[in-house]
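Asker: Could you have a look at this structure, given as structure tokens, before my questions?
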Amino acid sequence: MQCAVYHADAEVVEVQLQLKPEAPVPHPGCFGLFHLGQSTVPHPFSVAWYDAKTNVATLYIKRVGTFSSLVAAAAPAYKDMPTVVTGWHGSLMVPLDAPNADDVVLIAGGIGITAILSIAHAAVAQPHSKTRRVTLVWVLQKVSLVTVLSKHLAELLALAEGTLAIQIHVTQQDAAVGSPAIALDTSPHQAGSALAGMSVIWKRRPNIGELLTRATPSLDMPLLVYTCGPATMMSDVADAVSKRGPATFLHTETFGL
Ligand SMILES: Cc1cc2nc3c(=O)[nH]c(=O)nc-3n(C[C@H](O)[C@H](O)[C@H](O)COP(=O)(O)OP(=O)(O)OC[C@H]3O[C@@H](n4cnc5c(N)ncnc54)[C@H](O)[C@@H]3O)c2cc1C
């Protein structure tokens with residue numbers, strides 16, 4: 001089984017790949033090289049989600065240029081296309097099981113959530129310690145991409161059993177959704193909504209330094225930070241991490257966009 005769906009609102013293609021039983025299992029933060037049909041140049045895409053029960057890997061491909069537009073156009077006929085994905089490549093520079101590291105902060109920008117999601121999945125599915133706390137912060141322009149990925153976020157929240165906080169910053173939104181009535185709503189949303197269990201902050205970027213301080217006030221305690229997003233965001237994260245000193249460890253994923 002393999003299939004692809006183009007989510008027009010979010011301009012993203014969701015690709016599900018049924019892995020062969022003998023294929024290597026995708027690891028957190030890994031990516032595959034994706035060939036489509038006659039395309040001779042493979043492009044890298046992260047494995048956003050891996051379901052070990054069904055052996056299905058899910059990728060999300062944002063439509064930005066030539067190749068990703070081809071994938072979006074091909075989505076309806078995708079199951080009949082001779083697609084090859086090779087991998088998996090990449091590894092975490094900061095292991096999730098670093099000694100005494102209770103706190104994990106994951107910071108994603110836009111489509112960079114794909115790399116961060118698999119790391120979040122590993123952080124909550126195989127908790128390293130009973131006292132682990134995971135904070136996932138996702139900054140993006142429009143809420144439509146959250147809606148596409150909300151099933152995975154909901155599964156993370158369920159797996160984490162209260163040890164995961166998800167904070168979403170929607171920086172640009174149409175007036176109807178970002179109305180003043182919900183502009184100040186930072187409390188977790190109620191069950192039944194696509195944003196259930198998440199805090200949503202409208203039209204405001206996070207203060208990265210404050211975020212890290214809130215996760216681990218003591219600079220002597222180990223703090224693991226993982227980030228993937230636009231270069232400027234990752235540079236802010238790197239600055240905030242460097243100000244904390246040697247007990248804060250940073251892993252970055254670069255998409256080169
Ligand atoms: C390790 C890794 C993992 C990745 N994982 C993912 C993932 O999970 N999901 C994902 O969506 N992406 C991911 N990417 C990024 C993805 O590989 C690229 O977005 C994709 O290969 C771009 O190919 P393209 O032909 O569609 O775009 P290109 O045509 O190569 O365009 C790339 C960039 O150039 C800009 N551009 C293109 N044409 C023009 C123009 N005429 N004028 C100005 N700017 C232009 C585009 O806006 C875009 O920013 C990953 C990248 C890496 C390195």
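Letters A, B, ... mark the chains of the structure tokens in the order given; residue numbers begin at 1 per chain; ligand numbers begin at 1, in order shown.
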Name all residues at most 6 Å from stretch 103-109 of chain A (count only C-alpha atoms; drop same-chain ones fewer than 4 positions away) and give them as JSON, numbers by chain.
Answerer: {"A": [113, 132, 133, 134, 135, 136, 137, 138, 139, 140, 223, 224, 225, 226, 227, 228, 229]}
Asker: Could you find all residues in stretch 90-210 of chain A that DSSP calls alpha helix (DSSP H) from the backbone, and write them as a count of residues only?
Answerer: 37
Asker: Could you report the residues within 7 Å of ligand 1, using only C-alpha atoms and all ligand atoms, as a short mmCIF file (atom, residue, chain, number, x, y, z; two decimals) with C-alpha atoms, in the first residue's frame?
Answerer:
```cif
data_model
loop_
_atom_site.label_atom_id
_atom_site.label_comp_id
_atom_site.auth_asym_id
_atom_site.auth_seq_id
_atom_site.Cartn_x
_atom_site.Cartn_y
_atom_site.Cartn_z
CA PHE A 31 15.21 11.41 6.07
CA HIS A 43 15.10 15.06 -3.09
CA PRO A 44 15.42 14.66 0.70
CA PHE A 45 12.32 14.42 2.92
CA SER A 46 12.10 13.58 6.60
CA VAL A 47 10.11 10.66 7.92
CA ALA A 48 7.61 12.63 9.98
CA LEU A 59 6.25 12.00 4.81
CA TYR A 60 4.89 15.52 4.32
CA ILE A 61 6.14 17.37 1.27
CA LYS A 62 5.59 21.13 1.17
CA ARG A 63 4.99 22.49 -2.35
CA VAL A 64 7.76 25.06 -2.83
CA GLY A 65 9.30 24.51 -6.26
CA THR A 66 9.64 22.24 -9.27
CA PHE A 67 9.97 18.81 -7.67
CA SER A 68 7.46 19.26 -4.86
CA SER A 69 4.93 20.70 -7.36
CA ILE A 111 7.40 22.44 7.52
CA GLY A 112 10.41 21.83 9.82
CA THR A 114 8.39 16.94 9.94
CA ALA A 115 11.87 16.37 11.40
CA GLU A 253 18.12 19.90 11.25
CA THR A 254 18.59 22.04 8.15
CA PHE A 255 16.31 21.84 5.15
CA GLY A 256 18.31 24.45 3.24
CA LEU A 257 15.30 26.50 2.15
#
```
Asker: Taking into account only C-alpha atoms, which residue in the set A:Met198, A:Ser129, A:Tyr78, A:Val56 is nearest to A:Pro99?
Answerer: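 Distance minimum relative to A:Pro99 lands on A:Ser129.
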Asker: Going by DSSP on the backbone, which residues of stretch 124-176 of chain A come out as strand (DSSP E or B)? List them as a PyMOL selection string.
Answerer: chain A and resi 133-140+164-170
Asker: Keeping only C-alpha atoms, write those residues as a PDB file, in the first residue's frame.
Answerer:
```
ATOM      1  CA  ARG A 133       9.031  16.591  30.416  1.00  0.00           C
ATOM      2  CA  VAL A 134       8.784  17.435  26.731  1.00  0.00           C
ATOM      3  CA  THR A 135       7.834  20.826  25.327  1.00  0.00           C
ATOM      4  CA  LEU A 136       7.015  21.084  21.633  1.00  0.00           C
ATOM      5  CA  VAL A 137       6.816  24.585  20.198  1.00  0.00           C
ATOM      6  CA  TRP A 138       5.737  25.014  16.590  1.00  0.00           C
ATOM      7  CA  VAL A 139       5.793  28.395  14.885  1.00  0.00           C
ATOM      8  CA  LEU A 140       4.007  28.641  11.574  1.00  0.00           C
ATOM      9  CA  LEU A 164       4.097  16.735  26.848  1.00  0.00           C
ATOM     10  CA  ALA A 165       3.081  20.368  26.341  1.00  0.00           C
ATOM     11  CA  ILE A 166       2.388  21.547  22.786  1.00  0.00           C
ATOM     12  CA  GLN A 167       2.482  25.278  22.121  1.00  0.00           C
ATOM     13  CA  ILE A 168       1.590  26.514  18.661  1.00  0.00           C
ATOM     14  CA  HIS A 169       2.328  30.031  17.442  1.00  0.00           C
ATOM     15  CA  VAL A 170       0.312  31.028  14.386  1.00  0.00           C
TER      16      VAL A 170
END
```
Asker: Looking at A:Gly37, A:Gly197, A:Pro217, A:Gly87, which one is nearest to A:Leu153, with distances taken over only C-alpha atoms?
Answerer: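 Looking at the shortest contact to A:Leu153, the residue is A:Gly197.
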Asker: Of the residues A:Ser144, A:Ser235, A:Thr171, A:Thr83, which is the one nearest to A:Pro206, using only C-alpha atoms?
Answerer: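 Ranked by minimum distance to A:Pro206, first place goes to A:Thr171.
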Asker: Counting only C-alpha atoms, which residue out of A:Val15, A:Ala72, A:Ile119, A:Ala238 sits closest to A:Cys3?
Answerer: A:Val15
Asker: Atom CA of A:Asp9 to atom CA of A:Gly110: how many Å, to one decimal?
Answerer: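 Separation of atom CA of A:Asp9 and atom CA of A:Gly110: 14.0 Å.
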